[in-house]
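K.L.:
Here it is: the structure, laid out below.
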There are 2 protein chains.
Amino acid sequence: VIPAVEPVDAVAITVAEGELDAKTKPRGSLGRLEALAAQLAGIAAGQPPPVRATVVVAAADHGWGVSAYPAEVTRQMALNFASGGAAVSVLAREVGAELVVVDAGIREPVDHPAVRALRFGPGTADATRGPAMREGDAYRALLAGVELAEELVAHGATAIALGEMGIGNTTSAAALHAALLGADVHAVCGPGTGLDDSGMQRKRETVARALDANRDALDDPLRTLAALGGFEIAFLVGVALGAAAARAVVVLDGFIVGAAALVAARLRPEAIGFMVAAHRSPEPGHALALEALGLRPLLDLELRLGEGTGAVLALPLLRAARAILVEMATFAAAGVTDAGR
Amino acid sequence: VIPAVEPVDAVAITVAEGELDAKTKPRGSLGRLEALAAQLAGIAAGQPPPVRATVVVAAADHGWGVSAYPAEVTRQMALNFASGGAAVSVLAREVGAELVVVDAGIREPVDHPAVRALRFGPGTADATRGPAMREGDAYRALLAGVELAEELVAHGATAIALGEMGIGNTTSAAALHAALLGADVHAVCGPGTGLDDSGMQRKRETVARALDANRDALDDPLRTLAALGGFEIAFLVGVALGAAAARAVVVLDGFIVGAAALVAARLRPEAIGFMVAAHRSPEPGHALALEALGLRPLLDLELRLGEGTGAVLALPLLRAARAILVEMATFAAAGVTDAGR
């Protein structure tokens, strides 16, 4: 079953805020780093442990052809992740994060020792003609994500960054945003990895048709996920919930991971407290999701790649936030006059 | 003498941009990270070397009493930097940057093996009554900064982050911004590390009086620096110029380092190409300096501590930018279909 998520520890947050105020700096002068440090304490329910991060990149194919790229690129990129040449591979190495690549439903299975085959189908069905997947498959994908998160935390991960790959999945994410936030199709459809105006128009029409074809399913988060989501998104909903249930930090990436976060938040609202928004995607729908979740992104670097690249880039800030809380001297210990007291 | 600065290598930038376009990602999808990678190539005049960073924190006292903190805190904090308990000490350790603490003119000398005594006076004079320092002292401080940068680069540093400490130095930085940018006193004076409204009013009056008392000196960047600057600011002007002359990356911090960058840019406009703006300070004058320098900050985390903390927090982004340029696979090498070609 979907695990229960305990809320973050409000007392630990208050204690951390007090500790930060005693550090040798004017009150609050490390800005958002201090809020992040306090959140880490709330997640850990005490002094936050070192940030040992794993980035989970889930890949799957989609049943519509709206992208500038052919579907075969999903599989090619999964191999590229596993071989170490993709952006997320390079960045994960650079920041010292473990990378786990999951084939959650690529059209043709990926045969590579570094890719975990947790497949729920050979890509989803075309959601403009009915549900993208059966509700049971969405549930199975979600539970597999929960299980992976539990395994990673059991092996020492304290932060799990979410990433995805799936040609056509900004369309799926747009449909999920529209359905879950009651947003207009125009407000959630952006250029993705590079659509022109006519491509954008096709994308909006595709989303509208998918919403229409599945309108009876949109009263429930899991059925909405099955109707509009990709297997990679369903899997990441589970990773987010499993990580939060195991009190690990959930580091969000951009727009597509945001769709998974919205579903996770509907199923377990307490999970939001475990989420860190790594960066602001230029996709217009992303701001709506962040607002709905009450999250502010740490970075704004105009990243529109996905793969978890934004999430990985934010990991050094998590480590920095923990370090100021755990390692900085207090005014008293350092013999520094505290004029702000 | 003040060293010549060769411009960044435009050909190397173009080559890097071409290389980035061949990497397995949609064109430009890593946003500002790609621009940063190209800048690093321009600075290195070729493939950028690993980012080996040193943060130079220069400390000095000021001849006016406008801060919420007593002047003794400058000295106490220099000891705290050296002992490893300050924010910049913790963050430099966390990101693997070397920390060099310089006493450029604290009232009472700091006796600590990890503090370099490069003193140009026991704090500056009160600039509301005439120049803060003699022009010769400003020049000597600047040249000592150049020398330190040359030494650090000779020992392997490829990036030098600038930091400062000096009770009262946001007032000095505000005066320098007003003088160098022709900006209004209201536009450059902010709360610093925590002034209330009456403190802000005193600060604006102080800046206005300093500008008035030194009005004959403000036609030349070095004389302006001597009239209004602190010893730590003069020293950092030299560090920036020495680093740029030696083709190292110059990582700027917030408002006070911004004043040093403005002076450096007036003396050697080519140095701007070597500068990376690490973060956006909430001090109102900082945006004016960034605009004048044509730089966009990488981070916006509401940091208002100084010490070089923002500069150090940006170093992982420099490393990430280099890594995507040097380590990512091309479409051809990874066998990924390039739809954007």
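Scheme for the structure tokens: letters A, B, ... for chains in order shown; per-chain residue numbers from 1; ligand numbers from 1 in order shown.
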Residues of chain B within 6 Å of chain A, counting only C-alpha atoms, what are they? List them as a list in words.
P.N.:
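Written out as asked, the residues are Ser29, Leu30, Gly31, Arg32, Tyr69, Gln76, Gly85, Ala86, Leu301, Glu302, Leu303, Arg304, Leu305, Met328, Ala329, Val336 and Ala339 of chain B.
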K.L.:
Could you name the residues that touch Ala78 (chain B) at 8 Å or less, counting only C-alpha atoms, but leaving out those on the same chain fewer than 4 positions away, as a ChimeraX atom specification?
P.N.:
/B:59,74,82,101,103,110,115,165
K.L.:
In Å, with one decimal, what is the gap from CA of Thr171 (chain A) to CA of Glu135 (chain A)?
P.N.:
19.5 Å
K.L.:
At what distance in Å, to one decimal, does CA of Ala265 (chain B) lie from CA of Asp9 (chain B)?
P.N.:
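One can read the CA of Asp9 (chain B) to CA of Ala265 (chain B) distance as 17.7 Å.
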K.L.:
Counting only C-alpha atoms, which of B:Ala264, B:Ala289, B:Ala125, B:Val207 gets nearest to Asp61 (chain B)?
P.N.:
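Going through B:Ala264, B:Ala289, B:Ala125, B:Val207 one by one, the smallest distance to Asp61 (chain B) is for B:Ala125.
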K.L.:
Would you list, as a PyMOL selection string, the residues of region 129-296 of chain A that end up in strand (DSSP E or B) under DSSP run on this structure's backbone?
P.N.:
chain A and resi 159-165+249-252+275-277+279
K.L.:
With N, CA and C atoms retained, export the selected residues as an mmCIF file, in the first residue's frame.
P.N.:
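Saved the output as out-v2.cif:
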```cif
data_model
loop_
_atom_site.group_PDB
_atom_site.id
_atom_site.type_symbol
_atom_site.label_atom_id
_atom_site.label_comp_id
_atom_site.auth_asym_id
_atom_site.auth_seq_id
_atom_site.Cartn_x
_atom_site.Cartn_y
_atom_site.Cartn_z
ATOM 1 N N ALA A 159 19.074 11.933 0.839
ATOM 2 C CA ALA A 159 18.375 12.831 -0.086
ATOM 3 C C ALA A 159 18.186 12.091 -1.406
ATOM 4 N N ILE A 160 17.001 12.172 -1.955
ATOM 5 C CA ILE A 160 16.740 11.536 -3.240
ATOM 6 C C ILE A 160 16.278 12.606 -4.218
ATOM 7 N N ALA A 161 17.065 12.757 -5.277
ATOM 8 C CA ALA A 161 16.750 13.721 -6.329
ATOM 9 C C ALA A 161 15.995 12.989 -7.436
ATOM 10 N N LEU A 162 14.986 13.637 -7.987
ATOM 11 C CA LEU A 162 14.137 13.004 -8.986
ATOM 12 C C LEU A 162 14.464 13.525 -10.377
ATOM 13 N N GLY A 163 14.568 12.593 -11.326
ATOM 14 C CA GLY A 163 14.816 12.975 -12.711
ATOM 15 C C GLY A 163 14.017 12.098 -13.646
ATOM 16 N N GLU A 164 13.861 12.538 -14.882
ATOM 17 C CA GLU A 164 13.028 11.777 -15.822
ATOM 18 C C GLU A 164 13.517 11.970 -17.242
ATOM 19 N N MET A 165 13.123 11.025 -18.070
ATOM 20 C CA MET A 165 13.364 11.113 -19.508
ATOM 21 C C MET A 165 12.193 10.434 -20.193
ATOM 22 N N VAL A 249 15.190 13.658 2.218
ATOM 23 C CA VAL A 249 14.857 14.874 1.476
ATOM 24 C C VAL A 249 14.459 14.480 0.058
ATOM 25 N N VAL A 250 13.405 15.080 -0.445
ATOM 26 C CA VAL A 250 12.942 14.825 -1.809
ATOM 27 C C VAL A 250 13.293 16.060 -2.637
ATOM 28 N N VAL A 251 14.275 15.918 -3.532
ATOM 29 C CA VAL A 251 14.730 17.074 -4.302
ATOM 30 C C VAL A 251 14.056 17.047 -5.670
ATOM 31 N N LEU A 252 13.191 18.023 -5.894
ATOM 32 C CA LEU A 252 12.440 18.086 -7.146
ATOM 33 C C LEU A 252 13.295 18.702 -8.244
ATOM 34 N N MET A 275 9.884 18.099 0.554
ATOM 35 C CA MET A 275 10.302 18.466 -0.800
ATOM 36 C C MET A 275 11.124 19.754 -0.816
ATOM 37 N N VAL A 276 12.152 19.758 -1.635
ATOM 38 C CA VAL A 276 12.930 20.958 -1.931
ATOM 39 C C VAL A 276 12.789 21.209 -3.428
ATOM 40 N N ALA A 277 12.356 22.410 -3.794
ATOM 41 C CA ALA A 277 12.256 22.766 -5.211
ATOM 42 C C ALA A 277 13.631 23.244 -5.663
ATOM 43 N N HIS A 279 14.905 24.054 -8.800
ATOM 44 C CA HIS A 279 15.067 25.153 -9.761
ATOM 45 C C HIS A 279 13.738 25.521 -10.406
#
```
K.L.:
Between CA of Arg209 (chain A) and CA of Leu176 (chain A), what is the distance, to one decimal in Å?
P.N.:
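Atom-to-atom, CA of Arg209 (chain A) and CA of Leu176 (chain A) are spaced 12.8 Å apart.
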K.L.:
Pick the closest to Ala278 (chain B) from B:Ala217, B:Ala311, B:Val257, B:Val185: which is it, counting only C-alpha atoms?
P.N.:
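Under the stated criterion, the closest residue is B:Ala311.
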K.L.:
Measuring between only C-alpha atoms, which one of B:Ala248, B:Ala234, B:Ala10, B:Leu99 shows the shortest distance to Arg119 (chain B)?
P.N.:
B:Ala234
K.L.:
Enumerate the residues of region 47-204 of chain B with a DSSP assignment of alpha helix (DSSP H), computed from the backbone, and present them as a PyMOL selection string.
P.N.:
chain B and resi 72-83+87-95+135-154+169-181+185-188+197-204
K.L.:
Using only C-alpha atoms, which residue out of A:Ala45, A:Ala132, A:Ala175, A:Ala271 lies closest to Ala16 (chain A)?
P.N.:
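Distance minimum relative to Ala16 (chain A) lands on A:Ala45.
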